[in-house]
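Working notes for the structure below.
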Amino acid sequence: MPSTSSRAGSAVGTVTRGTTNTNRLRRVDRWIAALPELRRTGDPLVVDLGYGASGVTAFELQHRLAKVRPDVEVLGLEIDPGRVRTALAQLEDVRAGSTGFDPRAKVGFAVGGFEVPGRHAAVIRAFNVLRQYDESEVAPAWERMLGRLQLGGALVEGTCDELGRIASWVTLDRTGPQTFTVSLRLRELDAPSIVAERLPKALIHRNVPGERVHAYLADLDRLWRVHSPLTAYGPKQRWMAAAQGMRDAGWPVVGGRARWRLGELTVRWEAVAPV
């Protein structure tokens, strides 16, 4: 069983599969770009923790965030030194102007894990990392990462499929988890509960009767079916009607139509937290 107390050098964590695909994390990147924590900080350092076998997700993250915070700096952390060497070689290509990324982009790479070495971060993104750990290890990993945030910073931890069409994540501040977000490609979506297989580790084993997240996904599926006639006007209209239905049903929905149009739905964490 992997452990957050295991170490590679001084890095805390365990080497995981490291699957990486171009554009895979676009949904969560879009979420991070809208975070007030990023916009108001005086030190816009964002950590891409556990970026995988390629540094591409760190370059994509910097490119997307620079549109709203031009001085953003992204640090990619990996516990496997070989992956860091690969990313540093990619960085040399970027600086040489032989890729589509800005050669002036503030991107760096280092060996690190949940201890997040160096400066405190405004935002830490840890995606598809804890999925490969045991559920009992989630809280200690969260605690370590939260301890490396700036005052007022945010941790975004979650999971997505290989193509980035199905994703969910928890957004935390230094006091703990605050919200839970589902983000789906709506075209040809059969049922929102498809996200069950891509829930964050804290929730993936809780999708059973009696647990809040199970009730949440069941209600979302029900409203998706109820509003199926709106498919004639496009899946976005159907999704927005389902999202409004969730709010009307009493779920503590955060945000509104601008986020719903992206295939997102966010609720307060306590609505889905493990019983």
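Identifiers in this document derive from the order of the structure tokens: chains are assigned A, B, ..., residues are numbered from 1 separately in each chain, and ligands are numbered from 1 in order of occurrence.
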Can you tell me, as a PDB file with N, CA and C atoms, in the first residue's frame, what residues are no more than 12 Å from Met246 of chain A when counting only C-alpha atoms, ignoring any on the same chain fewer than 4 positions away?
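Dumped to out.pdb:
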```pdb
ATOM      1  N   ALA A 215     -26.484  10.339  -3.093  1.00  0.00           N
ATOM      2  CA  ALA A 215     -27.758  11.044  -3.228  1.00  0.00           C
ATOM      3  C   ALA A 215     -27.633  12.209  -4.207  1.00  0.00           C
ATOM      4  N   TYR A 216     -26.508  12.879  -4.165  1.00  0.00           N
ATOM      5  CA  TYR A 216     -26.276  14.022  -5.053  1.00  0.00           C
ATOM      6  C   TYR A 216     -26.280  13.586  -6.517  1.00  0.00           C
ATOM      7  N   LEU A 217     -25.525  12.531  -6.830  1.00  0.00           N
ATOM      8  CA  LEU A 217     -25.461  12.078  -8.219  1.00  0.00           C
ATOM      9  C   LEU A 217     -26.788  11.496  -8.679  1.00  0.00           C
ATOM     10  N   ALA A 218     -27.511  10.839  -7.770  1.00  0.00           N
ATOM     11  CA  ALA A 218     -28.818  10.295  -8.128  1.00  0.00           C
ATOM     12  C   ALA A 218     -29.793  11.419  -8.463  1.00  0.00           C
ATOM     13  N   ASP A 219     -29.762  12.499  -7.690  1.00  0.00           N
ATOM     14  CA  ASP A 219     -30.646  13.626  -7.953  1.00  0.00           C
ATOM     15  C   ASP A 219     -30.270  14.316  -9.261  1.00  0.00           C
ATOM     16  N   LEU A 220     -28.978  14.442  -9.516  1.00  0.00           N
ATOM     17  CA  LEU A 220     -28.524  15.071 -10.754  1.00  0.00           C
ATOM     18  C   LEU A 220     -28.928  14.227 -11.966  1.00  0.00           C
ATOM     19  N   ASP A 221     -28.793  12.926 -11.864  1.00  0.00           N
ATOM     20  CA  ASP A 221     -29.248  12.040 -12.942  1.00  0.00           C
ATOM     21  C   ASP A 221     -30.745  12.198 -13.182  1.00  0.00           C
ATOM     22  N   ARG A 222     -31.494  12.236 -12.089  1.00  0.00           N
ATOM     23  CA  ARG A 222     -32.955  12.358 -12.201  1.00  0.00           C
ATOM     24  C   ARG A 222     -33.337  13.639 -12.944  1.00  0.00           C
ATOM     25  N   LEU A 223     -32.723  14.752 -12.586  1.00  0.00           N
ATOM     26  CA  LEU A 223     -33.054  16.023 -13.229  1.00  0.00           C
ATOM     27  C   LEU A 223     -32.552  16.080 -14.668  1.00  0.00           C
ATOM     28  N   TRP A 224     -31.453  15.402 -14.958  1.00  0.00           N
ATOM     29  CA  TRP A 224     -30.980  15.300 -16.341  1.00  0.00           C
ATOM     30  C   TRP A 224     -32.015  14.578 -17.198  1.00  0.00           C
ATOM     31  N   VAL A 226     -35.325  14.348 -16.414  1.00  0.00           N
ATOM     32  CA  VAL A 226     -36.529  15.179 -16.430  1.00  0.00           C
ATOM     33  C   VAL A 226     -36.465  16.225 -17.542  1.00  0.00           C
ATOM     34  N   HIS A 227     -35.277  16.775 -17.751  1.00  0.00           N
ATOM     35  CA  HIS A 227     -35.130  17.858 -18.727  1.00  0.00           C
ATOM     36  C   HIS A 227     -34.647  17.360 -20.093  1.00  0.00           C
ATOM     37  N   TRP A 239     -28.467  20.941 -19.458  1.00  0.00           N
ATOM     38  CA  TRP A 239     -27.621  20.935 -18.260  1.00  0.00           C
ATOM     39  C   TRP A 239     -27.963  22.110 -17.338  1.00  0.00           C
ATOM     40  N   MET A 240     -28.159  23.280 -17.916  1.00  0.00           N
ATOM     41  CA  MET A 240     -28.463  24.446 -17.092  1.00  0.00           C
ATOM     42  C   MET A 240     -29.812  24.282 -16.389  1.00  0.00           C
ATOM     43  N   ALA A 241     -30.760  23.651 -17.060  1.00  0.00           N
ATOM     44  CA  ALA A 241     -32.053  23.389 -16.416  1.00  0.00           C
ATOM     45  C   ALA A 241     -31.882  22.401 -15.269  1.00  0.00           C
ATOM     46  N   ALA A 242     -31.058  21.381 -15.476  1.00  0.00           N
ATOM     47  CA  ALA A 242     -30.801  20.416 -14.404  1.00  0.00           C
ATOM     48  C   ALA A 242     -30.094  21.084 -13.234  1.00  0.00           C
ATOM     49  N   GLY A 250     -32.745  22.401  -3.236  1.00  0.00           N
ATOM     50  CA  GLY A 250     -32.112  22.656  -1.949  1.00  0.00           C
ATOM     51  C   GLY A 250     -30.645  22.331  -1.869  1.00  0.00           C
ATOM     52  N   TRP A 251     -30.055  21.847  -2.955  1.00  0.00           N
ATOM     53  CA  TRP A 251     -28.614  21.596  -2.935  1.00  0.00           C
ATOM     54  C   TRP A 251     -27.883  22.944  -2.905  1.00  0.00           C
ATOM     55  N   PRO A 252     -26.834  23.073  -2.082  1.00  0.00           N
ATOM     56  CA  PRO A 252     -26.140  24.364  -1.944  1.00  0.00           C
ATOM     57  C   PRO A 252     -25.214  24.645  -3.122  1.00  0.00           C
ATOM     58  N   VAL A 253     -25.822  24.970  -4.243  1.00  0.00           N
ATOM     59  CA  VAL A 253     -25.081  25.205  -5.482  1.00  0.00           C
ATOM     60  C   VAL A 253     -24.326  26.527  -5.381  1.00  0.00           C
ATOM     61  N   VAL A 254     -23.068  26.494  -5.809  1.00  0.00           N
ATOM     62  CA  VAL A 254     -22.207  27.679  -5.823  1.00  0.00           C
ATOM     63  C   VAL A 254     -22.024  28.109  -7.283  1.00  0.00           C
ATOM     64  N   GLY A 256     -23.268  30.172 -10.951  1.00  0.00           N
ATOM     65  CA  GLY A 256     -24.502  30.210 -11.719  1.00  0.00           C
ATOM     66  C   GLY A 256     -24.312  29.861 -13.171  1.00  0.00           C
ATOM     67  N   TRP A 260     -22.259  26.984 -15.400  1.00  0.00           N
ATOM     68  CA  TRP A 260     -23.039  25.862 -15.900  1.00  0.00           C
ATOM     69  C   TRP A 260     -22.858  25.678 -17.405  1.00  0.00           C
ATOM     70  N   LEU A 265     -20.825  22.024 -12.417  1.00  0.00           N
ATOM     71  CA  LEU A 265     -21.769  22.239 -11.332  1.00  0.00           C
ATOM     72  C   LEU A 265     -20.994  22.101 -10.026  1.00  0.00           C
ATOM     73  N   THR A 266     -21.089  23.118  -9.183  1.00  0.00           N
ATOM     74  CA  THR A 266     -20.341  23.167  -7.930  1.00  0.00           C
ATOM     75  C   THR A 266     -21.303  23.282  -6.763  1.00  0.00           C
ATOM     76  N   VAL A 267     -21.017  22.520  -5.696  1.00  0.00           N
ATOM     77  CA  VAL A 267     -21.794  22.604  -4.464  1.00  0.00           C
ATOM     78  C   VAL A 267     -20.851  22.750  -3.280  1.00  0.00           C
ATOM     79  N   ALA A 271     -22.275  19.239   1.431  1.00  0.00           N
ATOM     80  CA  ALA A 271     -23.409  18.552   0.784  1.00  0.00           C
ATOM     81  C   ALA A 271     -23.047  17.161   0.310  1.00  0.00           C
TER      82      ALA A 271
END
```
task: DSSP on the backbone, then: every residue of segment 82-149 of chain A marked strand (DSSP E), written as a PyMOL selection string.
output: chain A and resi 107-111+121-127+149
field: Long-range neighbours of Gly147 of chain A as a count of residues only, 12 Å cut-off, only C-alpha atoms, 6 positions minimum in chain
entry: 20
message: Need to verify the contact set: Gly263 of chain A, 10 Å, only C-alpha atoms, exclusion of same-chain residues closer than 4 positions in sequence. Can you return it as a list in words?
response: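 In the requested format, the answer is Arg27, Arg165, Ile166, Val182, Ser183, Leu184, Arg185, Leu186, Arg187, Pro235, Lys236, Trp239, Met240, Ala243, Arg257, Ala258 and Arg259 of chain A.
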query: Separation of atom CA of Leu130 of chain A and atom CA of Arg26 of chain A, in Å?
result: 18.9 Å
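Between atom CA of Ser54 of chain A and atom CA of Asn21 of chain A the interatomic distance comes to 8.3 Å.
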message: Just want the 9 Å neighbourhood of Ser10 of chain A, counted on only C-alpha atoms, with same-chain residues fewer than 5 positions away dropped. Output as a VMD selection string.
response: chain A and resid 111 to 113 115
Writer output for current selection, N, CA, C and O atoms, as a PDB file, in the first residue's frame:
```
ATOM      1  N   VAL A 111      12.131  18.316  -8.104  1.00  0.00           N
ATOM      2  CA  VAL A 111      11.717  17.108  -7.394  1.00  0.00           C
ATOM      3  C   VAL A 111      10.961  17.521  -6.146  1.00  0.00           C
ATOM      4  O   VAL A 111      11.409  18.379  -5.381  1.00  0.00           O
ATOM      5  N   GLY A 112       9.805  16.953  -5.934  1.00  0.00           N
ATOM      6  CA  GLY A 112       9.018  17.278  -4.749  1.00  0.00           C
ATOM      7  C   GLY A 112       7.742  16.473  -4.701  1.00  0.00           C
ATOM      8  O   GLY A 112       7.306  15.886  -5.700  1.00  0.00           O
ATOM      9  N   GLY A 113       7.139  16.452  -3.530  1.00  0.00           N
ATOM     10  CA  GLY A 113       5.893  15.733  -3.324  1.00  0.00           C
ATOM     11  C   GLY A 113       4.926  16.560  -2.507  1.00  0.00           C
ATOM     12  O   GLY A 113       4.858  17.780  -2.653  1.00  0.00           O
ATOM     13  N   GLU A 115       5.048  17.592   0.355  1.00  0.00           N
ATOM     14  CA  GLU A 115       5.642  18.618   1.227  1.00  0.00           C
ATOM     15  C   GLU A 115       5.792  19.958   0.517  1.00  0.00           C
ATOM     16  O   GLU A 115       5.975  20.990   1.154  1.00  0.00           O
TER      17      GLU A 115
END
```
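Compared by their closest atoms to Gly255 of chain A, and using only C-alpha atoms, the residues A:Trp169, A:Thr181, A:Asp71, A:Pro44 rank with A:Thr181 nearest.
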- request: May I have the residues within 6 Å of Val170 of chain A as a list in words, using only C-alpha atoms and disregarding those fewer than 2 positions away in the same chain?
  value: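 The contact residues come out as Val156, Glu157, Thr179 and Phe180 of chain A.
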- request: Output as a PyMOL selection string all residues of segment 31-261 of chain A that backbone DSSP marks as helix (DSSP H, G or I).
  value: chain A and resi 31-33+36-40+56-65+81-95+130-132+135-146+192-198+201-204+212-226+228-233+235-248+257-260
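Atom CA of Leu77 of chain A is found 5.2 Å from atom CA of Ala110 of chain A.
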